[in-house]
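Heads up, the thing below is written out as structure tokens.
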Amino acid sequence: MDVGRGSGRDDVVEYEPVIGLEIHVQLSTRTKMFCGCELSFGEPPNTRTCPVCLGLPGALPVANAKAIHFGLMIGMALESELAPRSIFHRKNYFYPDLPKGYQISQYDEPLCRGGRLADVRVHRVHLEEDAAKLVHVGESGRIHASDASIVDFNRGGTPLAEIVTEPDVRSAEQAGEWLRLLRVTLGRLGVSDVNMEEGSLRCDANISVRPAGSDEMGTKTELKNMNSFRFIERGIKAEVIRQEKLLARGEKVVQETLHFDPSSGRITTLRSKEEAHDYRYFPEPDLVPIAVSEEMLDTARASMPELPLARAERFEHDPSYMLDTEVAKTLAFRTDLGDFLELRRPESPDEARVRANLIINELAPRVGTDVPLADSMVTPDAVVTISGALMRKEISIGGARQAFDILVEEGGDADAIIEREGLMSAEGGDELAAVVEAAIAANEDAAQKIKAGNPKAIGPIVGYVMRETQGRADGGEVTRLVHEQLGV
Amino acid sequence: MIDRDEVLHVARLARLRLSEQEIEPMAAELSSVLDNIAKIEELNLDGVPPTSHVVEVTGRLRADEPHEPLPREVALAQAPAVSDDGFLVPSPQA
Ligand SMILES: [Zn+2]
């Protein structure tokens with residue numbers, strides 16, 4: 001519901017949400033942040049541990065060079081300032097998933113400061129280690145003691161980059177859209193598998209509301225650990241409404257950590273380790289400061305791919321593409337689609353547009369997302385052939401679809417398939433007109449309804465034409481001819 | 001001067017249980033530590049960066065190459081309580 005809007009009273013206040021995001025990204029290194037244990041992908045519990053990640057006395061951590069490299073790449077992608085020197089801190093708290101009694105993180109000297117991605121400014125990016133996984137005994141069902149948990153240290157010590165934004169987000173939808181952009185950007189960088197379901201990308205949101213247009217900052221709450229874009233959007237929406245209602249009743253928002261339950265839509269207070277915001281950070285004496293050398297910067301720079309946002313802009317503004325914004329974004333945000341288009345330089349922006357639409361609407365759905373398009377049976381040349389035939393009106397979109405059905409299954413030469421299957425649009429204008437005439441004659445009822453102003457009644461007539469032409473007629477052309485012949 | 005409430009707060013964060021007799025002496029001891037540290041403020045430290053590490057070594061990094069992990073039975077051997085494949089701990093929710 002909208003609180004403070006549309007009630008017709010003069011004294012109602014319109015509120016605007018102020019949202020900042022914190023994103024934890026598991027980095028795709030081979031080994032952990034501070035030890036050589038391999039990262040775990042479903043291995044049996046506690047089979048990837050060592051004295052360092054178990055927090056045994058005397059064990060010394062050493063930072064993983066690849067994690068620093070990935071951190072620098074993230075900083076470059078977000079246009080951050082990269083610190084020539086940064087240090088690790090200990091963040092102290094007790095919890096069974098944290099064997100040392102502290103998490104090694106970064107505090108006031110992070111690896112990256114500032115930055116921006118699209119319309120949201122970045123406050124900082126720092127590196128830290130992930131906690132272990134707690135399996136509550138009730139879940140495992142093996143031990144019948146309700147007050148025990150089992151700790152699996154396989155995940156403990158996995159490298160994380162934490163990205164913190166400025167409070168620039170103004171709606172749940174904007175949060176979702178920005179996080180999608182961040183996700184494809186990180187995925188393109190290759191620094192993480194960005195799999196939200198498996199927890200490689202986790203998001204917290206700091207949320208407050210204030211009277212629209214004001215500069216003041218309201219009391220904020222923190223919504224923790226949301227692991228799908230849909231939950232994030234719904235969670236933020238629910239929390240904004242909750243705060244607006246409180247303020248509209250003249251009550252105060254209490255600063256606290258909250259949990260959104262997607263199944264009930266309810267927001268509850270999270271009583272946990274985060275309650276005590278007294279982490280007593282101090283510099284980690286076991287780790288030397290990170291000094292970022294020119295060589296490390298060069299290596300990171302050389303590893304930077306063209307980022308999705310830049311690619312979308314190129315597809316939109318490059319004279320040989322000139323694609324619509326949404327089409328350009330779709331191709332740029334799914335790297336394999338963009339790559340497939342770019343494997344053959346378009347002859348003209350028109351050809352680029354037709355080919356882009358074929359890739360997005362016909363090819364991609366048929367191939368699915370399990371394999372990149374380049375690994376499918378369909379060659380870039382086949383798509384060039386079909387788009388050319390479409391543009392010369394040698395085949396209809398129906399014919400093109402039939403060709404794709406076959407190409408995706410068997411591969412092969414598109415010209416040969418069009419020829420073999422007789423997919424050429426046999427109907428020149430006159431021939432199709434004759435079929436349409438017959439279709440109208442066979443569907444008097446429908447024709448009368450169309451004339452009476454019900455355009456939806458066209459279905460049976462189009463169906464008749466498609467049957468007669470085995471789906472090869474162009475739907476738009478059929479509709480045009482029907483309207484022409486009926487004089488509507 | 002560190003007062004009684006601060007001692008109890010720090011003790012709680014450190015999960016230390018202090019007896020009633022220990023609280024006042026602890027407050028005095030912690031205060032004297034702070035007094036010693038406060039002596040630094042007598043120096044003019046304008047432009048001196050805080051010392052986070054006593055030896056200025058940087059750039060010791062590790063190549064991203066795996067080592068042999070501990071066998072699980074070794075990892076679990078010294079834990080006070082274990083299940084068949086993990087460390088058994090009191091549930092933090094309890
Ligand atoms: Zn380890």
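How things are named: the first chain in the structure tokens is A, the next is B, and so on; residues count from 1 in each chain; ligands count from 1 in the order shown.
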Tell me the residues of chain A close to chain B, meaning within 7 Å using only C-alpha atoms, as an NGL selection string.
:A and (29-31 or 36-38 or 45-50 or 62-66 or 96 or 136 or 147-152 or 283 or 285 or 288-291)
With N, CA, C and O atoms retained, write the just-selected residues as a CSV table (one decimal), in the first residue's frame.
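Everything below was put into result-v3.csv:
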```
chain,number,residue,atom,x,y,z
A,29,THR,N,38.9,-17.9,-6.9
A,29,THR,CA,40.3,-18.3,-6.8
A,29,THR,C,40.3,-19.9,-6.7
A,29,THR,O,39.2,-20.5,-6.5
A,30,ARG,N,41.5,-20.5,-6.8
A,30,ARG,CA,41.5,-21.9,-6.6
A,30,ARG,C,41.6,-22.2,-5.1
A,30,ARG,O,41.0,-23.2,-4.7
A,31,THR,N,42.3,-21.4,-4.4
A,31,THR,CA,42.5,-21.7,-3.0
A,31,THR,C,41.9,-20.5,-2.1
A,31,THR,O,41.5,-19.5,-2.6
A,36,GLY,N,46.4,-22.5,1.6
A,36,GLY,CA,46.3,-23.2,0.3
A,36,GLY,C,45.3,-24.2,0.2
A,36,GLY,O,45.3,-25.0,-0.7
A,37,CYS,N,44.3,-24.2,1.1
A,37,CYS,CA,43.2,-25.2,1.0
A,37,CYS,C,42.3,-24.8,-0.2
A,37,CYS,O,42.0,-23.6,-0.4
A,38,GLU,N,42.0,-25.8,-1.0
A,38,GLU,CA,41.2,-25.6,-2.2
A,38,GLU,C,39.7,-25.2,-1.8
A,38,GLU,O,39.2,-25.6,-0.8
A,45,PRO,N,32.1,-32.6,4.4
A,45,PRO,CA,32.4,-31.6,5.4
A,45,PRO,C,33.8,-31.8,6.0
A,45,PRO,O,34.3,-32.9,6.1
A,46,ASN,N,34.5,-30.7,6.2
A,46,ASN,CA,35.8,-30.7,6.9
A,46,ASN,C,36.9,-31.5,6.2
A,46,ASN,O,37.7,-32.1,6.9
A,47,THR,N,36.8,-31.5,4.9
A,47,THR,CA,37.9,-32.2,4.1
A,47,THR,C,38.8,-31.2,3.4
A,47,THR,O,39.8,-31.6,2.8
A,48,ARG,N,38.5,-29.9,3.6
A,48,ARG,CA,39.4,-28.9,3.0
A,48,ARG,C,39.8,-27.9,4.1
A,48,ARG,O,39.3,-26.8,4.1
A,49,THR,N,40.6,-28.4,5.0
A,49,THR,CA,41.0,-27.5,6.2
A,49,THR,C,42.5,-27.7,6.4
A,49,THR,O,43.1,-28.7,6.0
A,50,CYS,N,43.0,-26.7,7.1
A,50,CYS,CA,44.4,-26.8,7.5
A,50,CYS,C,44.6,-26.0,8.8
A,50,CYS,O,43.6,-25.3,9.3
A,62,VAL,N,48.8,-16.2,5.0
A,62,VAL,CA,49.5,-15.4,3.9
A,62,VAL,C,48.5,-15.1,2.9
A,62,VAL,O,47.8,-16.0,2.4
A,63,ALA,N,48.4,-13.9,2.4
A,63,ALA,CA,47.3,-13.5,1.5
A,63,ALA,C,47.5,-14.1,0.1
A,63,ALA,O,48.7,-14.2,-0.4
A,64,ASN,N,46.4,-14.5,-0.5
A,64,ASN,CA,46.4,-15.1,-1.8
A,64,ASN,C,46.6,-14.0,-2.9
A,64,ASN,O,45.7,-13.1,-3.0
A,65,ALA,N,47.6,-14.1,-3.7
A,65,ALA,CA,47.9,-13.0,-4.7
A,65,ALA,C,46.8,-12.9,-5.7
A,65,ALA,O,46.4,-11.8,-6.2
A,66,LYS,N,46.1,-14.1,-6.1
A,66,LYS,CA,45.1,-14.0,-7.0
A,66,LYS,C,43.8,-13.3,-6.5
A,66,LYS,O,43.2,-12.5,-7.2
A,96,PRO,N,30.4,-19.7,16.5
A,96,PRO,CA,31.0,-21.0,16.2
A,96,PRO,C,31.6,-21.1,14.8
A,96,PRO,O,32.4,-22.0,14.5
A,136,HIS,N,22.7,-26.9,11.4
A,136,HIS,CA,22.0,-27.1,12.7
A,136,HIS,C,21.5,-28.6,12.7
A,136,HIS,O,21.1,-29.1,11.7
A,147,ASP,N,20.1,-28.8,20.8
A,147,ASP,CA,20.9,-27.6,21.1
A,147,ASP,C,22.3,-27.7,20.5
A,147,ASP,O,23.2,-27.1,21.0
A,148,ALA,N,22.5,-28.5,19.5
A,148,ALA,CA,23.8,-28.7,18.9
A,148,ALA,C,23.8,-28.3,17.4
A,148,ALA,O,22.8,-28.4,16.8
A,149,SER,N,25.0,-27.9,17.0
A,149,SER,CA,25.2,-27.6,15.6
A,149,SER,C,26.5,-28.2,15.2
A,149,SER,O,27.4,-28.5,16.0
A,150,ILE,N,26.7,-28.5,13.9
A,150,ILE,CA,27.9,-29.0,13.4
A,150,ILE,C,28.6,-28.0,12.5
A,150,ILE,O,27.9,-27.3,11.7
A,151,VAL,N,29.9,-27.8,12.7
A,151,VAL,CA,30.6,-26.8,11.9
A,151,VAL,C,31.4,-27.5,10.8
A,151,VAL,O,32.1,-28.4,11.0
A,152,ASP,N,31.2,-27.0,9.6
A,152,ASP,CA,31.9,-27.4,8.4
A,152,ASP,C,32.8,-26.3,8.0
A,152,ASP,O,32.4,-25.3,7.5
A,283,PRO,N,44.7,-3.7,13.7
A,283,PRO,CA,45.5,-4.2,12.5
A,283,PRO,C,45.9,-5.6,12.8
A,283,PRO,O,46.4,-5.9,13.9
A,285,PRO,N,48.2,-8.4,13.0
A,285,PRO,CA,49.7,-8.4,13.1
A,285,PRO,C,50.3,-9.5,12.4
A,285,PRO,O,51.5,-9.5,12.1
A,288,VAL,N,51.4,-8.9,6.6
A,288,VAL,CA,52.0,-7.6,6.3
A,288,VAL,C,51.1,-6.8,5.4
A,288,VAL,O,50.2,-7.3,4.8
A,289,PRO,N,51.3,-5.5,5.3
A,289,PRO,CA,50.4,-4.6,4.5
A,289,PRO,C,50.5,-5.1,3.0
A,289,PRO,O,51.6,-5.6,2.6
A,290,ILE,N,49.4,-4.9,2.3
A,290,ILE,CA,49.4,-5.2,0.8
A,290,ILE,C,50.0,-3.9,0.1
A,290,ILE,O,49.4,-2.8,0.2
A,291,ALA,N,51.1,-4.1,-0.6
A,291,ALA,CA,51.6,-3.0,-1.4
A,291,ALA,C,51.3,-3.4,-2.9
A,291,ALA,O,51.7,-4.4,-3.4
```
Could you name the residues that touch Leu56 (chain A) at 12 Å or less, counting only C-alpha atoms, but leaving out those on the same chain fewer than 3 positions away, as a PyMOL selection string?
(chain A and resi 49-53+59-61+98-101) or (chain B and resi 75-76+78-79)
Quick check for you: according to DSSP on this backbone, which residues of region 50-166 of chain A are classed as alpha helix (DSSP H)? Reply as a PDB file with C-alpha atoms, in the first residue's frame.
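For reference, result05.pdb as written:
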```pdb
ATOM      1  CA  ALA A  65      47.908 -13.038  -4.718  1.00  0.00           C
ATOM      2  CA  LYS A  66      45.059 -14.030  -7.041  1.00  0.00           C
ATOM      3  CA  ALA A  67      42.451 -12.677  -4.609  1.00  0.00           C
ATOM      4  CA  ILE A  68      44.283  -9.331  -4.537  1.00  0.00           C
ATOM      5  CA  HIS A  69      44.432  -9.412  -8.353  1.00  0.00           C
ATOM      6  CA  PHE A  70      40.662 -10.016  -8.509  1.00  0.00           C
ATOM      7  CA  GLY A  71      40.112  -7.232  -5.977  1.00  0.00           C
ATOM      8  CA  LEU A  72      42.060  -4.833  -8.185  1.00  0.00           C
ATOM      9  CA  MET A  73      40.044  -5.892 -11.251  1.00  0.00           C
ATOM     10  CA  ILE A  74      36.803  -5.222  -9.354  1.00  0.00           C
ATOM     11  CA  GLY A  75      38.160  -1.832  -8.328  1.00  0.00           C
ATOM     12  CA  MET A  76      39.037  -1.029 -11.937  1.00  0.00           C
ATOM     13  CA  ALA A  77      35.608  -2.107 -13.174  1.00  0.00           C
ATOM     14  CA  VAL A 137      21.481 -30.619  13.892  1.00  0.00           C
ATOM     15  CA  GLY A 138      17.762 -30.482  13.314  1.00  0.00           C
ATOM     16  CA  GLU A 139      18.508 -30.023   9.613  1.00  0.00           C
ATOM     17  CA  SER A 140      20.901 -32.925   9.331  1.00  0.00           C
TER      18      SER A 140
END
```
Residues of chain B classed as strand (DSSP E) by DSSP on the backbone are to be reported as a list of chain:residue names.
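Residues of chain B classed as strand (DSSP E): B:Leu61, B:Arg62, B:Phe87, B:Leu88, B:Val89, B:Pro90.
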Spatial neighbours of Phe282 (chain A), max dist 9 Å, only C-alpha atoms, sep filter under 4 positions, as an NGL selection string:
(:A and (88-92 or 107)) or (:B and (52))
9 Å contact set for region 455-470 of chain A, only C-alpha atoms, chain neighbours under 6 positions out, as a ChimeraX atom specification
/A:398-399,423,425-427,432,435-436,438-440,442-443,445-449,478-479,482
Exercise: region 303-314 of chain A partners within 10 Å, only C-alpha atoms, chain neighbours under 5 positions left out, as number ranges by chain
A: 69-70, 73-74, 76-77, 117-118, 181-182, 184-190, 297-298, 319-335, 338
What does the distance between CA of Ser86 (chain A) and CA of His126 (chain A) come to in Å, to one decimal place?
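Separating CA of Ser86 (chain A) from CA of His126 (chain A) is a distance of 9.4 Å.
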Choose the residue, out of A:Ile418, A:Cys35, A:Val25, A:Val378, that has the smallest atom-to-atom separation from ligand 1; count only C-alpha atoms and all ligand atoms.
A:Cys35
CA of Cys203 (chain A) and CA of Glu22 (chain A) are how many Å apart?
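So the answer is 5.7 Å.
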Set the distance at 10 Å and use only C-alpha atoms: which residues neighbour Val253 (chain A) once local chain neighbours fewer than 2 positions away are removed? I'd like the list as a list in words.
Ser208, Val209, Gly218, Thr219, Lys220, Thr221, Arg242, Gln243, Glu244, Lys245, Leu246, Leu247, Gly250, Glu251, Gln255 and Glu256 of chain A
